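Q: Below is the file data_39.txt, with compact mmCIF, C-alpha atoms.
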# COMPACT_ATOMS: atom_id res chain seq x y z
CA MET A 1 2.83 11.02 9.79
CA GLY A 2 0.30 8.76 8.08
CA VAL A 3 1.05 6.42 5.19
CA ASP A 4 -1.38 6.86 2.32
CA VAL A 5 -1.78 3.87 0.01
CA VAL A 6 -2.15 4.78 -3.66
CA LEU A 7 -2.89 2.40 -6.52
CA MET A 8 -1.08 3.72 -9.61
CA GLN A 9 -1.40 2.83 -13.28
CA VAL A 10 2.02 2.79 -14.96
CA THR A 11 2.32 3.51 -18.67
CA HIS A 12 5.50 3.51 -20.75
CA ARG A 13 6.14 5.05 -24.11
CA GLY A 14 9.22 3.37 -25.46
CA THR A 15 12.01 2.10 -23.23
CA SER A 16 13.22 5.32 -21.61
CA PRO A 17 12.44 5.76 -17.90
CA LYS A 18 11.72 9.40 -18.74
CA LYS A 19 8.63 8.24 -20.65
CA ARG A 20 7.20 6.51 -17.56
CA ARG A 21 3.86 7.99 -16.50
CA LEU A 22 1.88 7.37 -13.33
CA THR A 23 -1.85 7.87 -13.01
CA THR A 24 -3.70 7.56 -9.71
CA VAL A 25 -6.38 4.89 -9.93
CA GLU A 26 -7.59 4.86 -6.32
CA PHE A 27 -6.23 5.59 -2.86
CA VAL A 28 -6.73 5.04 0.86
CA GLN A 29 -5.84 8.03 3.01
CA ASP A 30 -4.32 7.36 6.42
CA GLY A 31 -5.40 10.63 8.04
CA ALA A 32 -5.66 9.16 11.55
CA ASP A 33 -2.25 7.40 11.31
CA LEU A 34 -3.88 4.00 11.78
CA PHE A 35 -2.00 2.16 9.04
CA SER A 36 1.34 3.79 9.81
CA GLY A 37 0.95 2.90 13.49
CA LEU A 38 0.22 -0.71 12.63
CA CYS A 39 3.27 -0.84 10.36
CA VAL A 40 5.64 0.71 12.90
CA ASN A 41 4.55 -1.82 15.52
CA SER A 42 4.45 -4.81 13.17
CA SER A 43 6.83 -7.74 13.48
CA LEU A 44 6.06 -8.78 9.90
CA PRO A 45 8.92 -8.04 7.48
CA MET A 46 7.16 -6.15 4.69
CA LEU A 47 4.90 -4.04 6.92
CA ASN A 48 7.77 -3.30 9.30
CA ARG A 49 9.77 -1.79 6.40
CA VAL A 50 7.05 0.77 5.66
CA ASP A 51 8.56 4.18 6.43
CA PRO A 52 6.14 6.93 7.52
CA TYR A 53 8.54 9.53 6.04
CA ARG A 54 9.24 8.01 2.63
CA THR A 55 7.47 6.40 -0.30
CA GLN A 56 7.76 2.67 -0.91
CA ILE A 57 6.67 1.21 -4.23
CA LEU A 58 5.30 -2.32 -4.43
CA THR A 59 4.53 -4.21 -7.63
CA SER A 60 2.22 -7.11 -8.42
CA VAL A 61 5.10 -9.48 -7.57
CA ASP A 62 5.11 -8.14 -3.98
CA MET A 63 1.36 -8.52 -3.48
CA PRO A 64 1.10 -12.14 -2.22
CA GLN A 65 3.35 -11.37 0.76
CA PHE A 66 1.84 -7.92 1.31
CA ILE A 67 -1.71 -9.31 1.28
CA SER A 68 -0.81 -12.12 3.68
CA GLU A 69 0.75 -9.63 6.11
CA VAL A 70 -2.26 -7.32 5.90
CA ASP A 71 -4.53 -10.32 6.58
CA ALA A 72 -2.41 -11.43 9.54
CA THR A 73 -2.49 -7.92 10.98
CA CYS A 74 -6.25 -7.66 10.46
CA ASP A 75 -6.70 -10.88 12.46
CA LEU A 76 -4.81 -9.32 15.39
CA VAL A 77 -6.39 -5.87 15.62
CA LYS A 78 -9.40 -5.29 17.80
CA ARG A 79 -10.70 -1.90 16.74
CA GLN A 80 -13.11 -1.70 13.81
CA ARG A 81 -11.46 1.45 12.40
CA GLU A 82 -8.18 -0.44 12.00
CA ARG A 83 -9.92 -3.39 10.37
CA ASP A 84 -11.74 -1.07 7.97
CA ILE A 85 -8.57 0.63 6.73
CA LEU A 86 -6.77 -2.72 6.39
CA GLN A 87 -9.69 -4.09 4.35
CA LYS A 88 -9.58 -1.08 2.01
CA ILE A 89 -5.82 -1.47 1.60
CA ARG A 90 -6.26 -5.19 0.92
CA GLU A 91 -8.75 -4.42 -1.84
CA LEU A 92 -6.20 -2.14 -3.55
CA ALA A 93 -3.53 -4.82 -3.12
CA GLU A 94 -5.78 -7.44 -4.74
CA ARG A 95 -6.29 -5.16 -7.74
CA CYS A 96 -2.55 -4.54 -7.95
CA ALA A 97 -1.87 -8.28 -7.89
CA GLU A 98 -4.03 -8.76 -10.97
CA ALA A 99 -2.08 -6.48 -13.31
CA ALA A 100 1.63 -5.94 -13.90
CA SER A 101 0.85 -2.39 -15.04
CA LEU A 102 -0.27 -1.40 -11.53
CA GLU A 103 1.85 -0.39 -8.55
CA LEU A 104 0.97 0.19 -4.93
CA HIS A 105 2.63 3.31 -3.55
CA LEU A 106 2.90 3.56 0.24
CA GLN A 107 3.38 7.29 0.61
CA GLY A 108 4.74 8.66 3.85
CA ASP A 109 4.72 12.34 4.78
In structure tokens, what does this structure look like?
A:
Amino acid sequence: MGVDVVLMQVTHRGTSPKKRRLTTVEFVQDGADLFSGLCVNSSLPMLNRVDPYRTQILTSVDMPQFISEVDATCDLVKRQRERDILQKIRELAERCAEAASLELHLQGD
């Protein structure tokens, strides 16, 4: 029931949505359900909407709020494993924020 975080490169050929292509750039796997557990228990609006059974797509426009919520959560957690995964996710979010052609996919099971 983990939520894997995948940084995707989006390319378009023309204007048709059928020509939209996604390429995986980098990812953080949530094999121990750490990130999904933090999201389910979060009182922060964006993290609380993360669904461990569905995929949510975030764009560079969403990154300032997402990064601030990841930072706030990182300040609250005590275990190093949780901090490590949040730091890796934050790094992907920072990269996503820098380019409109990138998306962050929060992939549930």
Q: My list of candidates is A:Asp75, A:Glu82, A:Asp62, A:Glu26. Which is closest to Leu38 in chain A when distances are computed with all atoms listed in the file?
A: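 Counting all atoms listed in the file, the residue closest to Leu38 in chain A is A:Glu82.
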Q: So how many Å separate CA of Asp109 in chain A and CA of Gly37 in chain A, to one decimal?
A: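 Between CA of Asp109 in chain A and CA of Gly37 in chain A the gap is 13.4 Å.
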Q: Which one of A:Leu22, A:Cys39, A:Val28, A:Leu34 sits closest to Glu91 in chain A if you count all atoms listed in the file?
A: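 Counting all atoms listed in the file, the residue closest to Glu91 in chain A is A:Val28.
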Q: List every protein, DNA or RNA residue that has at least one atom no more than 9 Å from (-5.4, -9.3, 4.6) in the file's coordinates, counting all atoms listed in the file, and write the result as a PyMOL selection string.
A: chain A and resi 66-75+86-87+89-91
Q: Just write the chosen residues, C-alpha atoms, as a compact mmCIF listing (two decimals), keeping the file's coordinate frame.
A:
# COMPACT_ATOMS: atom_id res chain seq x y z
CA PHE A 66 1.84 -7.92 1.31
CA ILE A 67 -1.71 -9.31 1.28
CA SER A 68 -0.81 -12.12 3.68
CA GLU A 69 0.75 -9.63 6.11
CA VAL A 70 -2.26 -7.32 5.90
CA ASP A 71 -4.53 -10.32 6.58
CA ALA A 72 -2.41 -11.43 9.54
CA THR A 73 -2.49 -7.92 10.98
CA CYS A 74 -6.25 -7.66 10.46
CA ASP A 75 -6.70 -10.88 12.46
CA LEU A 86 -6.77 -2.72 6.39
CA GLN A 87 -9.69 -4.09 4.35
CA ILE A 89 -5.82 -1.47 1.60
CA ARG A 90 -6.26 -5.19 0.92
CA GLU A 91 -8.75 -4.42 -1.84
Q: So, with only C-alpha atoms as the atoms that count, which of A:Lys18, A:Gly2, A:Ile85, A:Glu94 lies closest to Val40 in chain A?
A: A:Gly2
Q: What separation in Å, quoted to one decimal, exists between CA of Ala100 in chain A and CA of Asp51 in chain A?
A: 23.7 Å
Q: Could you tell me how far CA of Ala93 in chain A sits from CA of Gln9 in chain A, in Å to one decimal place?
A: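 Taking CA of Gln9 in chain A and CA of Ala93 in chain A, their separation equals 12.9 Å.
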Q: Using all atoms listed in the file, can you list as a ChimeraX atom specification the residues within 12 Å of (-4.7, -1.8, -11.1)?
A: /A:6-11,22-27,59-60,63,91-105
Q: From the options A:Leu44, A:Tyr53, A:Leu106, A:Arg79, which residue's atoms come nearest to Gln65 in chain A, counting all atoms listed in the file?
A: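 Counting all atoms listed in the file, the residue closest to Gln65 in chain A is A:Leu44.
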Q: Looking at A:Ser36, A:Asn41, A:Lys78, A:Gly31, which one is nearest to Arg54 in chain A, with distances taken over all atoms listed in the file?
A: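 Of all the options, A:Ser36 lies closest to Arg54 in chain A.
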